[in-house]
$ cat coords-v9.cif   # mmCIF, C-alpha atoms
data_structure
#
loop_
_atom_site.label_atom_id
_atom_site.label_comp_id
_atom_site.auth_asym_id
_atom_site.auth_seq_id
_atom_site.Cartn_x
_atom_site.Cartn_y
_atom_site.Cartn_z
CA MET Y 1 -2.82 12.91 82.74
CA GLN Y 2 -1.90 16.57 83.06
CA ARG Y 3 1.16 16.02 80.87
CA SER Y 4 -0.74 14.40 78.01
CA LYS Y 5 -3.35 17.16 78.14
CA ILE Y 6 -0.66 19.79 77.60
CA ASP Y 7 0.73 17.64 74.81
CA VAL Y 8 -2.61 17.75 73.06
CA TRP Y 9 -2.90 21.52 73.38
CA VAL Y 10 0.67 22.09 72.16
CA GLY Y 11 0.05 19.69 69.30
CA LEU Y 12 -3.09 21.63 68.41
CA PHE Y 13 -1.17 24.92 68.48
CA VAL Y 14 1.58 23.59 66.22
CA MET Y 15 -1.05 22.21 63.88
CA VAL Y 16 -2.85 25.57 63.68
CA GLY Y 17 0.47 27.27 62.91
CA ALA Y 18 1.38 24.70 60.28
CA ALA Y 19 -2.09 25.04 58.76
CA ALA Y 20 -1.58 28.81 58.56
CA ILE Y 21 1.76 28.39 56.76
CA LEU Y 22 0.17 25.85 54.43
CA PHE Y 23 -2.73 28.23 53.77
CA LEU Y 24 -0.35 31.04 52.87
CA ALA Y 25 1.73 28.78 50.65
CA LEU Y 26 -1.14 27.08 48.85
CA GLN Y 27 -3.92 29.64 48.73
CA ALA Y 28 -1.94 32.87 48.60
CA ALA Y 29 1.19 31.83 46.72
CA ASN Y 30 -0.49 29.04 44.77
CA LEU Y 31 2.34 26.56 45.21
CA LEU Y 32 0.31 23.71 43.70
CA ASN Y 33 -0.22 25.51 40.42
CA LEU Y 34 3.42 26.28 39.86
CA ASN Y 35 4.33 24.96 36.49
CA PHE Y 36 6.07 21.66 36.75
CA GLN Y 37 4.90 20.88 33.25
CA PRO Y 38 7.55 20.27 30.60
CA THR Y 39 8.57 23.34 28.67
CA TYR Y 40 10.65 24.18 25.64
CA ARG Y 41 12.86 27.22 25.55
CA ILE Y 42 12.81 29.76 22.73
CA THR Y 43 14.32 33.22 22.47
CA ALA Y 44 12.99 36.35 20.90
CA GLU Y 45 14.66 39.63 20.04
CA PHE Y 46 12.92 42.92 20.66
CA ASP Y 47 13.99 46.47 19.81
CA ASN Y 48 12.61 47.61 23.15
CA VAL Y 49 11.11 45.56 25.97
CA GLY Y 50 9.83 48.53 27.95
CA GLY Y 51 8.84 47.45 31.46
CA LEU Y 52 8.75 43.73 30.76
CA LYS Y 53 10.03 41.62 33.67
CA PRO Y 54 11.18 38.02 34.09
CA LYS Y 55 8.35 35.69 35.24
CA ALA Y 56 5.85 37.71 33.20
CA SER Y 57 3.42 35.59 31.22
CA VAL Y 58 3.27 34.79 27.53
CA ARG Y 59 -0.33 34.61 26.40
CA SER Y 60 -2.20 33.64 23.34
CA GLY Y 61 -5.83 34.66 23.18
CA GLY Y 62 -5.56 35.66 26.85
CA VAL Y 63 -4.50 32.17 27.97
CA VAL Y 64 -1.09 31.74 29.60
CA VAL Y 65 1.03 29.50 27.36
CA GLY Y 66 4.49 30.28 28.73
CA ARG Y 67 6.64 32.38 31.01
CA ILE Y 68 9.56 34.73 30.49
CA GLU Y 69 12.66 33.20 31.99
CA ASP Y 70 15.27 35.86 31.41
CA ILE Y 71 15.81 39.21 29.72
CA SER Y 72 19.28 40.21 28.56
CA PHE Y 73 20.92 42.47 26.01
CA ASN Y 74 22.47 41.21 22.80
CA ASP Y 75 25.37 43.50 21.91
CA GLN Y 76 25.73 41.98 18.42
CA THR Y 77 22.32 43.06 17.18
CA PHE Y 78 21.81 45.75 19.86
CA GLN Y 79 18.48 44.27 20.74
CA ALA Y 80 16.94 42.93 23.92
CA ARG Y 81 16.99 39.14 24.08
CA VAL Y 82 14.06 37.56 25.88
CA THR Y 83 14.26 33.90 26.86
CA ILE Y 84 10.87 32.24 27.04
CA ASP Y 85 9.79 28.88 28.44
CA MET Y 86 6.81 27.73 26.40
CA GLN Y 87 4.61 24.94 27.77
CA SER Y 88 5.17 21.79 25.76
CA ARG Y 89 1.47 21.02 25.39
CA TYR Y 90 1.01 24.09 23.20
CA VAL Y 91 2.72 24.24 19.82
CA PHE Y 92 2.91 27.29 17.60
CA PRO Y 93 3.93 27.70 13.93
CA LYS Y 94 7.52 28.72 13.28
CA ASP Y 95 6.56 32.13 11.90
CA SER Y 96 4.50 33.18 14.94
CA SER Y 97 5.00 36.77 15.97
CA LEU Y 98 5.40 38.27 19.42
CA LYS Y 99 4.10 41.57 20.71
CA ILE Y 100 4.54 43.28 24.07
CA LEU Y 101 1.17 44.20 25.52
CA THR Y 102 -0.08 45.75 28.72
CA SER Y 103 -2.92 44.32 30.77
CA GLY Y 104 -5.19 47.23 31.62
CA LEU Y 105 -4.15 50.85 31.45
CA LEU Y 106 -1.36 50.67 34.02
CA GLY Y 107 -1.08 46.92 34.46
CA GLU Y 108 1.77 44.47 34.10
CA GLN Y 109 3.34 43.99 30.71
CA TYR Y 110 3.19 40.60 29.03
CA ILE Y 111 3.96 39.06 25.67
CA GLY Y 112 1.16 38.20 23.30
CA ILE Y 113 1.93 35.47 20.77
CA GLN Y 114 0.14 35.52 17.43
CA ALA Y 115 0.15 32.26 15.50
CA GLY Y 116 1.51 32.37 11.96
CA GLY Y 117 0.76 30.12 8.99
CA ASN Y 118 3.89 28.00 8.69
CA GLU Y 119 3.55 24.21 8.51
CA GLU Y 120 6.49 23.66 10.84
CA ASN Y 121 6.21 24.25 14.54
CA LEU Y 122 8.47 26.13 16.94
CA ALA Y 123 11.06 23.92 18.59
CA ALA Y 124 13.49 24.38 21.44
CA GLY Y 125 16.27 26.84 20.62
CA ASP Y 126 14.37 28.73 17.93
CA ILE Y 127 14.74 32.49 17.72
CA ILE Y 128 11.75 34.64 16.88
CA ARG Y 129 12.62 37.89 15.10
CA GLN Y 130 9.12 38.95 14.13
CA THR Y 131 8.46 41.05 17.17
CA GLN Y 132 6.74 44.28 18.06
CA SER Y 133 8.29 46.40 20.78
CA ALA Y 134 6.67 47.79 23.85
CA VAL Y 135 4.89 51.08 23.41
CA VAL Y 136 7.05 53.84 24.83
CA LEU Y 137 4.92 56.77 25.86
CA GLU Y 138 7.57 59.38 25.07
CA ASN Y 139 7.97 58.14 21.50
CA LEU Y 140 4.22 58.06 21.08
CA ILE Y 141 3.86 61.66 22.27
CA GLY Y 142 6.79 62.69 20.09
CA GLN Y 143 5.23 61.08 17.04
CA PHE Y 144 1.90 62.66 17.80
CA LEU Y 145 3.36 66.15 18.14
CA PHE Y 146 5.47 65.64 15.01
CA SER Y 147 2.51 64.61 12.90
CA LYS Y 148 0.42 67.41 14.34
CA THR Y 149 2.94 70.08 13.44
CA ALA Y 150 3.40 68.50 10.04
CA ASP Y 151 -0.35 68.75 9.43
CA GLU Y 152 -0.46 72.33 10.58
CA SER Y 153 2.45 73.58 8.53
CA SER Y 154 0.77 72.19 5.40
CA THR Y 155 -2.60 73.82 6.14
CA ALA Y 156 -1.14 76.94 7.83
CA ALA Y 157 -3.24 76.37 10.94
CA PRO Y 158 -2.82 78.15 14.33
CA THR Y 159 0.31 77.71 16.49
CA LEU Y 160 1.03 74.69 18.64
CA PRO Y 161 -0.25 75.90 22.05
CA ALA Y 162 -3.59 76.75 20.53
CA THR Y 163 -3.98 73.25 19.06
CA ALA Y 164 -3.01 71.72 22.38
CA THR Y 165 -5.97 73.44 24.02
CA THR Y 166 -8.38 72.47 21.26
CA ASP Y 167 -7.22 68.87 21.55
CA LYS Y 168 -8.18 68.77 25.18
CA LYS Y 169 -11.81 69.52 24.42
CA MET C 1 25.23 61.11 86.32
CA SER C 2 27.07 64.01 84.78
CA TRP C 3 28.17 63.43 81.22
CA TYR C 4 30.83 66.13 81.15
CA LYS C 5 33.14 64.35 83.57
CA PRO C 6 35.58 62.18 81.63
CA ALA C 7 35.60 59.56 84.37
CA ASP C 8 31.82 59.16 84.19
CA VAL C 9 31.86 58.89 80.41
CA GLY C 10 34.54 56.24 80.71
CA PHE C 11 32.55 54.35 83.34
CA ALA C 12 29.37 54.48 81.26
CA THR C 13 31.19 53.26 78.14
CA ARG C 14 32.86 50.44 80.06
CA SER C 15 29.66 49.23 81.68
CA TRP C 16 27.88 49.46 78.34
CA LEU C 17 30.60 47.33 76.76
CA ALA C 18 30.43 44.89 79.67
CA ASN C 19 26.66 44.59 79.24
CA LEU C 20 27.09 43.97 75.52
CA GLY C 21 29.67 41.28 76.21
CA HIS C 22 27.49 39.70 78.89
CA GLY C 23 24.50 39.71 76.54
CA THR C 24 26.48 38.13 73.71
CA ARG C 25 27.86 35.47 76.04
CA LEU C 26 24.36 34.63 77.32
CA PHE C 27 23.05 34.48 73.75
CA LEU C 28 25.79 32.09 72.68
CA ARG C 29 25.27 29.92 75.76
CA LEU C 30 21.54 29.76 74.98
CA LEU C 31 22.31 28.76 71.38
CA ALA C 32 24.63 26.07 72.69
CA THR C 33 21.77 24.51 74.68
CA PHE C 34 20.02 23.60 71.42
CA GLY C 35 20.80 19.89 71.64
CA SER C 36 20.34 19.38 75.36
CA SER C 37 17.04 21.32 75.45
CA PHE C 38 15.50 19.01 72.90
CA LYS C 39 16.61 15.95 74.88
CA ARG C 40 14.34 17.14 77.67
CA PHE C 41 11.61 18.31 75.36
CA GLY C 42 8.97 18.26 78.11
CA LEU C 43 10.32 21.54 79.50
CA VAL C 44 10.29 23.20 76.07
CA ARG C 45 6.80 21.87 75.41
CA ASP C 46 5.47 23.43 78.60
CA GLN C 47 6.90 26.76 77.49
CA ILE C 48 5.43 26.46 73.99
CA HIS C 49 2.11 25.83 75.69
CA PHE C 50 2.52 28.86 77.94
CA LEU C 51 3.94 31.26 75.32
CA GLY C 52 2.20 29.97 72.21
CA ASN C 53 -1.20 28.60 73.10
CA TYR C 54 -2.09 31.44 75.44
CA SER C 55 -1.04 34.05 72.85
CA LEU C 56 -3.00 32.38 70.06
CA VAL C 57 -6.31 34.10 70.72
CA ILE C 58 -4.95 37.65 70.89
CA ILE C 59 -2.78 37.04 67.80
CA ALA C 60 -5.61 35.53 65.77
CA ILE C 61 -8.08 38.27 66.68
CA SER C 62 -5.53 41.04 66.05
CA GLY C 63 -4.71 39.52 62.66
CA LEU C 64 -8.36 39.34 61.72
CA PHE C 65 -8.99 42.96 62.62
CA VAL C 66 -5.82 44.23 60.94
CA GLY C 67 -7.05 42.42 57.81
CA PHE C 68 -10.49 44.06 58.16
CA VAL C 69 -9.04 47.54 58.54
CA PHE C 70 -6.53 47.10 55.74
CA ALA C 71 -9.20 45.91 53.34
CA LEU C 72 -11.47 48.84 54.22
CA GLN C 73 -8.76 51.48 53.93
CA GLY C 74 -7.25 49.94 50.82
CA TYR C 75 -10.61 49.59 49.12
CA TYR C 76 -11.44 53.29 49.22
CA THR C 77 -7.95 54.25 48.05
CA LEU C 78 -7.96 51.72 45.21
CA LEU C 79 -11.48 52.78 44.24
CA ARG C 80 -10.06 56.11 43.03
CA PHE C 81 -7.87 54.25 40.56
CA GLY C 82 -10.57 51.79 39.59
CA SER C 83 -8.46 48.80 40.54
CA THR C 84 -10.24 47.37 43.56
CA GLU C 85 -9.39 43.83 42.41
CA ALA C 86 -5.83 44.50 43.58
CA LEU C 87 -7.13 44.69 47.17
CA GLY C 88 -6.25 41.07 47.92
CA GLN C 89 -2.76 41.62 46.60
CA LEU C 90 -2.34 44.74 48.76
CA VAL C 91 -3.57 43.03 51.93
CA THR C 92 -1.56 39.85 51.38
CA PHE C 93 1.70 41.59 50.49
CA THR C 94 1.55 43.90 53.49
CA LEU C 95 0.65 41.13 55.90
CA VAL C 96 2.96 38.40 54.70
CA ARG C 97 5.99 40.60 54.18
CA GLU C 98 5.75 43.16 56.96
CA LEU C 99 2.80 43.38 59.30
CA GLY C 100 2.52 39.68 60.07
CA PRO C 101 6.01 39.24 61.53
CA VAL C 102 6.33 42.78 62.97
CA VAL C 103 2.97 43.19 64.69
CA THR C 104 3.13 39.62 65.97
CA ALA C 105 6.58 40.32 67.42
CA LEU C 106 5.32 43.50 69.11
CA LEU C 107 2.29 41.70 70.53
CA PHE C 108 4.46 38.75 71.54
CA ALA C 109 6.82 41.11 73.38
CA GLY C 110 3.87 42.56 75.26
CA ARG C 111 1.98 39.34 75.87
CA ALA C 112 4.74 36.76 76.40
CA GLY C 113 8.01 38.68 76.75
CA THR C 114 6.88 40.63 79.79
CA SER C 115 5.71 37.48 81.55
CA LEU C 116 9.10 35.85 80.91
CA THR C 117 10.97 38.85 82.30
CA ALA C 118 8.72 39.13 85.36
CA GLU C 119 8.90 35.40 86.04
CA ILE C 120 12.70 35.25 85.88
CA GLY C 121 13.09 38.55 87.73
CA LEU C 122 10.92 37.27 90.57
CA MET C 123 12.80 33.98 90.63
CA LYS C 124 15.95 36.02 91.03
CA ALA C 125 14.35 38.22 93.71
CA GLY C 126 13.23 35.08 95.55
CA GLU C 127 16.78 33.73 95.26
CA GLN C 128 15.58 30.63 93.46
CA ILE C 129 18.30 31.09 90.85
CA SER C 130 21.01 31.32 93.52
CA VAL C 131 19.65 28.15 95.13
CA MET C 132 19.88 26.34 91.82
CA GLU C 133 23.47 27.45 91.39
CA MET C 134 24.23 26.16 94.89
CA MET C 135 22.73 22.79 93.98
CA ALA C 136 24.98 22.74 90.89
CA VAL C 137 21.97 23.00 88.58
CA ASP C 138 22.76 25.34 85.73
CA PRO C 139 19.94 27.95 85.76
CA ILE C 140 20.63 28.81 82.12
CA GLN C 141 20.14 25.17 81.17
CA ARG C 142 17.14 24.57 83.41
CA ILE C 143 15.30 27.93 83.46
CA LEU C 144 16.34 30.07 80.51
CA ALA C 145 16.91 27.53 77.72
CA PRO C 146 13.41 25.95 77.65
CA ARG C 147 11.83 29.42 77.64
CA PHE C 148 14.19 30.56 74.89
CA TRP C 149 13.47 27.66 72.55
CA GLY C 150 9.79 27.69 73.42
CA GLY C 151 9.59 31.35 72.33
CA VAL C 152 11.68 30.75 69.21
CA ILE C 153 9.37 27.92 68.14
CA ALA C 154 6.11 29.66 69.05
CA MET C 155 6.82 33.00 67.34
CA PRO C 156 6.91 31.93 63.64
CA LEU C 157 3.78 29.83 64.12
CA LEU C 158 1.99 32.81 65.69
CA ALA C 159 3.15 35.10 62.86
CA ALA C 160 1.82 32.64 60.28
CA VAL C 161 -1.52 32.52 62.10
CA PHE C 162 -1.59 36.33 62.16
CA SER C 163 -0.94 36.61 58.40
CA ALA C 164 -3.43 33.90 57.51
CA MET C 165 -6.14 35.43 59.70
CA GLY C 166 -5.36 38.83 58.15
CA VAL C 167 -5.81 37.49 54.63
CA ILE C 168 -9.09 35.89 55.70
CA GLY C 169 -10.11 39.22 57.28
CA GLY C 170 -9.30 40.99 54.00
CA TRP C 171 -11.38 38.42 52.17
CA VAL C 172 -14.33 38.87 54.56
CA VAL C 173 -14.39 42.64 54.11
CA GLY C 174 -13.36 42.76 50.45
CA VAL C 175 -15.43 39.91 49.03
CA LEU C 176 -18.29 39.42 51.47
CA MET C 177 -18.92 43.04 52.47
CA LEU C 178 -17.67 45.26 49.64
CA GLY C 179 -18.51 42.87 46.84
CA ILE C 180 -15.19 42.38 45.05
CA ASP C 181 -15.30 39.34 42.80
CA ALA C 182 -13.91 36.37 44.75
CA GLY C 183 -12.19 34.87 41.70
CA SER C 184 -10.25 38.00 40.81
CA PHE C 185 -9.46 38.59 44.51
CA TRP C 186 -7.67 35.24 44.80
CA SER C 187 -6.17 35.22 41.31
CA GLN C 188 -4.61 38.66 41.88
CA ILE C 189 -3.05 37.31 45.08
CA GLN C 190 -1.87 34.10 43.46
CA GLY C 191 -0.50 35.92 40.44
CA SER C 192 1.79 38.15 42.48
CA VAL C 193 2.71 36.44 45.76
CA ASP C 194 5.75 34.19 45.49
CA VAL C 195 6.23 31.27 47.90
CA TRP C 196 9.92 31.78 48.58
CA ARG C 197 10.34 35.50 48.09
CA ASP C 198 7.27 36.63 50.04
CA VAL C 199 5.97 33.84 52.29
CA GLY C 200 9.44 32.37 52.89
CA ASN C 201 11.06 35.69 53.73
CA GLY C 202 8.15 36.52 56.03
CA ILE C 203 8.79 33.28 57.92
CA VAL C 204 12.54 34.02 58.09
CA LYS C 205 11.68 37.44 59.54
CA SER C 206 9.40 35.95 62.16
CA ILE C 207 12.08 33.44 63.20
CA VAL C 208 14.60 36.27 63.60
CA PHE C 209 12.07 38.26 65.64
CA GLY C 210 11.36 35.18 67.75
CA PHE C 211 15.04 35.00 68.68
CA THR C 212 15.17 38.75 69.32
CA VAL C 213 12.09 39.15 71.49
CA THR C 214 12.62 36.01 73.56
CA PHE C 215 16.29 36.76 74.11
CA VAL C 216 15.66 40.38 75.13
CA ALA C 217 12.99 39.26 77.59
CA LEU C 218 15.26 36.62 79.14
CA LEU C 219 18.26 38.94 79.28
CA GLN C 220 16.27 41.68 81.01
CA GLY C 221 14.85 39.22 83.51
CA TYR C 222 18.20 37.61 84.20
CA ASN C 223 19.93 40.98 84.63
CA SER C 224 17.17 42.63 86.65
CA GLN C 225 17.80 44.02 90.13
CA PRO C 226 16.34 41.51 92.61
CA THR C 227 13.87 44.05 94.04
CA PRO C 228 10.23 44.88 93.19
CA GLU C 229 11.36 48.11 91.47
CA GLY C 230 14.07 46.24 89.59
CA VAL C 231 11.61 43.67 88.24
CA ALA C 232 9.15 46.43 87.29
CA SER C 233 11.74 48.43 85.36
CA ALA C 234 13.12 45.26 83.73
CA THR C 235 9.64 44.40 82.47
CA THR C 236 9.26 47.89 81.03
CA ARG C 237 12.70 47.69 79.42
CA THR C 238 11.74 44.36 77.81
CA VAL C 239 8.87 45.97 75.91
CA VAL C 240 10.87 49.06 74.92
CA VAL C 241 14.06 47.29 73.88
CA ALA C 242 12.31 44.38 72.16
CA SER C 243 10.00 46.69 70.19
CA LEU C 244 12.82 48.95 69.05
CA ALA C 245 15.02 45.98 68.17
CA VAL C 246 12.24 44.40 66.13
CA LEU C 247 11.52 47.60 64.22
CA GLY C 248 15.20 48.26 63.56
CA LEU C 249 15.88 44.67 62.49
CA ASP C 250 12.81 44.76 60.28
CA PHE C 251 14.23 47.67 58.34
CA ILE C 252 17.54 45.89 57.86
CA LEU C 253 15.89 42.61 56.87
CA THR C 254 13.54 44.34 54.44
CA ALA C 255 16.46 46.17 52.87
CA MET C 256 18.28 42.85 52.48
CA MET C 257 15.33 40.82 51.21
CA PHE C 258 13.09 42.96 49.08
CA THR C 259 15.35 45.42 47.29
CA LYS C 260 17.03 44.25 44.16
#

$ encode --input "coords-v9.cif" --output "structure tokens"
Amino acid sequence: MQRSKIDVWVGLFVMVGAAAILFLALQAANLLNLNFQPTYRITAEFDNVGGLKPKASVRSGGVVVGRIEDISFNDQTFQARVTIDMQSRYVFPKDSSLKILTSGLLGEQYIGIQAGGNEENLAAGDIIRQTQSAVVLENLIGQFLFSKTADESSTAAPTLPATATTDKK
Amino acid sequence: MSWYKPADVGFATRSWLANLGHGTRLFLRLLATFGSSFKRFGLVRDQIHFLGNYSLVIIAISGLFVGFVFALQGYYTLLRFGSTEALGQLVTFTLVRELGPVVTALLFAGRAGTSLTAEIGLMKAGEQISVMEMMAVDPIQRILAPRFWGGVIAMPLLAAVFSAMGVIGGWVVGVLMLGIDAGSFWSQIQGSVDVWRDVGNGIVKSIVFGFTVTFVALLQGYNSQPTPEGVASATTRTVVVASLAVLGLDFILTAMMFTK
């Protein structure tokens, strides 16, 4: 009698622990929604991938349509090669273009896919070359300063520090 | 003891080495009881009941309150960056990767480890262990092994309960009290937490800590002086050594698991 009572309590304890592990796996890590759907693999070449990471999403219209499998460097074209697993239930025209975007101001980077107009669809093994690189802040600031000084030299405006302060206002 | 006498330094080093060797030998002998302990599972089950079930309440309540506090603190920090939706992610990552296994191990050392040390120390003081040896009953097999495996089994389950209760606590404060959107709370968690890398490594950590804490407690009890003072100081040493070992191991494990 005493024995079987302890058995029940120990069984209950193990069940609570197992339920906690299951909760963490299913609710927190979302094991059920892992993609076991069939995918087809395409590659894309970017001049600059910025902070893009493997496992990041590929979205069209905000909906996840694929995941980045791998990022490597192609030393023939000197570009970054991104391998993407697209979900088979979504098809895109062959001349679709890719763009690296950022969710929110400081969020994760992801790839946005913009459908093209071609009759044929993307198939496994295709390479997309119509891509737009990640925005690199340094280049952006450099361009901005360059165009600013170019403007000023043509109109003979005040020196650079003065414009910097007026820009802040 | 005077450290400047070469003979004393030599003695201290030798006894330290002997202790290390004794500890390693005991650990290996306990590992070797794996098969035979599970043949007499009744003994292990009693220990799971004693170490696990009775620790469940303190672990669950601690987890819940750690989750509460984390959500509150994290919310006001994240508010400054306007990204309060990341609260769930913050709470879950911290709990599953670090706080779950570590705090559970520290609580387990205090709640269960001390009782193991005191129990075995008193058995030794009452010469029960010597009596067993005289009756040709292996005390390691009969006394230490069931407690060891009971602790090793109970610890990961307790750590999982701690983490799960913490996430629920974060949800209670974040969603129910502070009004974060429930959908974005869960989707932020699900988007970033990985089953194997985060949850799996957390479980591996808690298993390692289960071995550490239980073994330290048994070793201290088994090596304690068979006097009231000896048992008292062994119990204290259990908490100190087990806590430091857990924190040190945690650093090593984190460095191995989460840095790429």

$ atom_distance --input "coords-v9.cif" --atom1 "CA of Lys94 in chain Y" --atom2 "CA of Ala80 in chain Y"
20.1 Å

$ resolve_selection --input "coords-v9.cif" --expression "the PyMOL selection byres ((chain C) within 6 of (chain Y))" --output "ChimeraX atom specification"
/C:49,53,157,160-161,164,189-190,193-195

$ residues_around --input "coords-v9.cif" --residues "Ser57 in chain Y" --least-positions-apart "4" --cutoff "12 Å" --atoms "only C-alpha atoms" --output "number ranges by chain"
Y: 35, 52-53, 62-70, 83-87, 100-103, 108-113; C: 191-192

$ residues_near_point --input "coords-v9.cif" --point "(6.9, 25.2, 74.0)" --cutoff "10 Å" --atoms "all atoms listed in the file" --output "list in words"
Ile6, Asp7, Val10, Gly11, Phe13 and Val14 of chain Y; Phe41, Gly42, Leu43, Val44, Arg45, Asp46, Gln47, Ile48, His49, Phe50, Leu51, Gly52, Asn53, Pro146, Arg147, Phe148, Trp149, Gly150, Gly151, Val152, Ile153 and Ala154 of chain C

$ closest_residue --input "coords-v9.cif" --among "C:Ala182, C:Thr104, C:Gly21, C:Leu218" --to "Ile120 in chain C" --atoms "only C-alpha atoms"
C:Leu218

$ residues_around --input "coords-v9.cif" --residues "range 71-80 of chain C" --least-positions-apart "6" --cutoff "8 Å" --atoms "only C-alpha atoms" --output "PyMOL selection string"
chain C and resi 86-88+90-91+169-171+173-174

$ residues_around --input "coords-v9.cif" --residues "range 199-207 of chain C" --least-positions-apart "5" --cutoff "6 Å" --atoms "only C-alpha atoms" --output "ChimeraX atom specification"
/C:96-97,101,156

$ residues_around --input "coords-v9.cif" --residues "Ala115 in chain Y" --least-positions-apart "5" --cutoff "8 Å" --atoms "all atoms listed in the file" --output "NGL selection string"
:Y and (92-93 or 95-97)

$ resolve_selection --input "coords-v9.cif" --expression "the PyMOL selection byres ((chain Y and resi 127-130) around 6)" --output "list in words"
Thr43, Ala44, Glu45, Ser97, Asp126 and Thr131 of chain Y

$ write_last_selection --input "coords-v9.cif" --atoms "C-alpha atoms" --output "PDB file, in the coordinates of the input"
ATOM      1  CA  THR Y  43      14.320  33.220  22.470  1.00  0.00           C
ATOM      2  CA  ALA Y  44      12.990  36.350  20.900  1.00  0.00           C
ATOM      3  CA  GLU Y  45      14.660  39.630  20.040  1.00  0.00           C
ATOM      4  CA  SER Y  97       5.000  36.770  15.970  1.00  0.00           C
ATOM      5  CA  ASP Y 126      14.370  28.730  17.930  1.00  0.00           C
ATOM      6  CA  THR Y 131       8.460  41.050  17.170  1.00  0.00           C
TER       7      THR Y 131
END

$ atom_distance --input "coords-v9.cif" --atom1 "CA of Tyr40 in chain Y" --atom2 "CA of Asp198 in chain C"
27.6 Å

$ resolve_selection --input "coords-v9.cif" --expression "the PyMOL selection byres ((chain Y and resi 133) around 7)" --output "MDAnalysis selection string"
chainID Y and resid 46:49 99:100 131:132 134:135

$ write_last_selection --input "coords-v9.cif" --atoms "C-alpha atoms" --output "PDB file, in the coordinates of the input"
ATOM      1  CA  PHE Y  46      12.920  42.920  20.660  1.00  0.00           C
ATOM      2  CA  ASP Y  47      13.990  46.470  19.810  1.00  0.00           C
ATOM      3  CA  ASN Y  48      12.610  47.610  23.150  1.00  0.00           C
ATOM      4  CA  VAL Y  49      11.110  45.560  25.970  1.00  0.00           C
ATOM      5  CA  LYS Y  99       4.100  41.570  20.710  1.00  0.00           C
ATOM      6  CA  ILE Y 100       4.540  43.280  24.070  1.00  0.00           C
ATOM      7  CA  THR Y 131       8.460  41.050  17.170  1.00  0.00           C
ATOM      8  CA  GLN Y 132       6.740  44.280  18.060  1.00  0.00           C
ATOM      9  CA  ALA Y 134       6.670  47.790  23.850  1.00  0.00           C
ATOM     10  CA  VAL Y 135       4.890  51.080  23.410  1.00  0.00           C
TER      11      VAL Y 135
END

$ closest_residue --input "coords-v9.cif" --among "C:Leu17, C:Asp250, C:Leu107, C:Gly183" --to "Ala60 in chain C" --atoms "all atoms listed in the file"
C:Leu107

$ residues_near_point --input "coords-v9.cif" --point "(12.1, 43.3, 76.1)" --cutoff "9 Å" --atoms "all atoms listed in the file" --output "PyMOL selection string"
chain C and resi 109-110+113-114+117+212-221+234-243+245

$ write_last_selection --input "coords-v9.cif" --atoms "C-alpha atoms" --output "mmCIF file, in the frame of the given file"
data_model
loop_
_atom_site.group_PDB
_atom_site.id
_atom_site.type_symbol
_atom_site.label_atom_id
_atom_site.label_comp_id
_atom_site.auth_asym_id
_atom_site.auth_seq_id
_atom_site.Cartn_x
_atom_site.Cartn_y
_atom_site.Cartn_z
ATOM 1 C CA ALA C 109 6.820 41.110 73.380
ATOM 2 C CA GLY C 110 3.870 42.560 75.260
ATOM 3 C CA GLY C 113 8.010 38.680 76.750
ATOM 4 C CA THR C 114 6.880 40.630 79.790
ATOM 5 C CA THR C 117 10.970 38.850 82.300
ATOM 6 C CA THR C 212 15.170 38.750 69.320
ATOM 7 C CA VAL C 213 12.090 39.150 71.490
ATOM 8 C CA THR C 214 12.620 36.010 73.560
ATOM 9 C CA PHE C 215 16.290 36.760 74.110
ATOM 10 C CA VAL C 216 15.660 40.380 75.130
ATOM 11 C CA ALA C 217 12.990 39.260 77.590
ATOM 12 C CA LEU C 218 15.260 36.620 79.140
ATOM 13 C CA LEU C 219 18.260 38.940 79.280
ATOM 14 C CA GLN C 220 16.270 41.680 81.010
ATOM 15 C CA GLY C 221 14.850 39.220 83.510
ATOM 16 C CA ALA C 234 13.120 45.260 83.730
ATOM 17 C CA THR C 235 9.640 44.400 82.470
ATOM 18 C CA THR C 236 9.260 47.890 81.030
ATOM 19 C CA ARG C 237 12.700 47.690 79.420
ATOM 20 C CA THR C 238 11.740 44.360 77.810
ATOM 21 C CA VAL C 239 8.870 45.970 75.910
ATOM 22 C CA VAL C 240 10.870 49.060 74.920
ATOM 23 C CA VAL C 241 14.060 47.290 73.880
ATOM 24 C CA ALA C 242 12.310 44.380 72.160
ATOM 25 C CA SER C 243 10.000 46.690 70.190
ATOM 26 C CA ALA C 245 15.020 45.980 68.170
#

$ atom_distance --input "coords-v9.cif" --atom1 "CA of Ala255 in chain C" --atom2 "CA of Lys55 in chain Y"
22.1 Å

$ build_atoms --input "coords-v9.cif" --residues "range 154-158 of chain C" --atoms "N, CA and C atoms" --output "CSV table (one decimal), in the frame of the given file"
chain,number,residue,atom,x,y,z
C,154,ALA,N,7.5,29.2,69.1
C,154,ALA,CA,6.1,29.7,69.0
C,154,ALA,C,5.9,30.9,68.1
C,155,MET,N,7.0,31.7,68.1
C,155,MET,CA,6.8,33.0,67.3
C,155,MET,C,6.5,32.9,65.8
C,156,PRO,N,7.2,32.0,65.1
C,156,PRO,CA,6.9,31.9,63.6
C,156,PRO,C,5.5,31.4,63.4
C,157,LEU,N,5.1,30.4,64.3
C,157,LEU,CA,3.8,29.8,64.1
C,157,LEU,C,2.7,30.9,64.4
C,158,LEU,N,2.9,31.7,65.4
C,158,LEU,CA,2.0,32.8,65.7
C,158,LEU,C,1.9,33.8,64.5
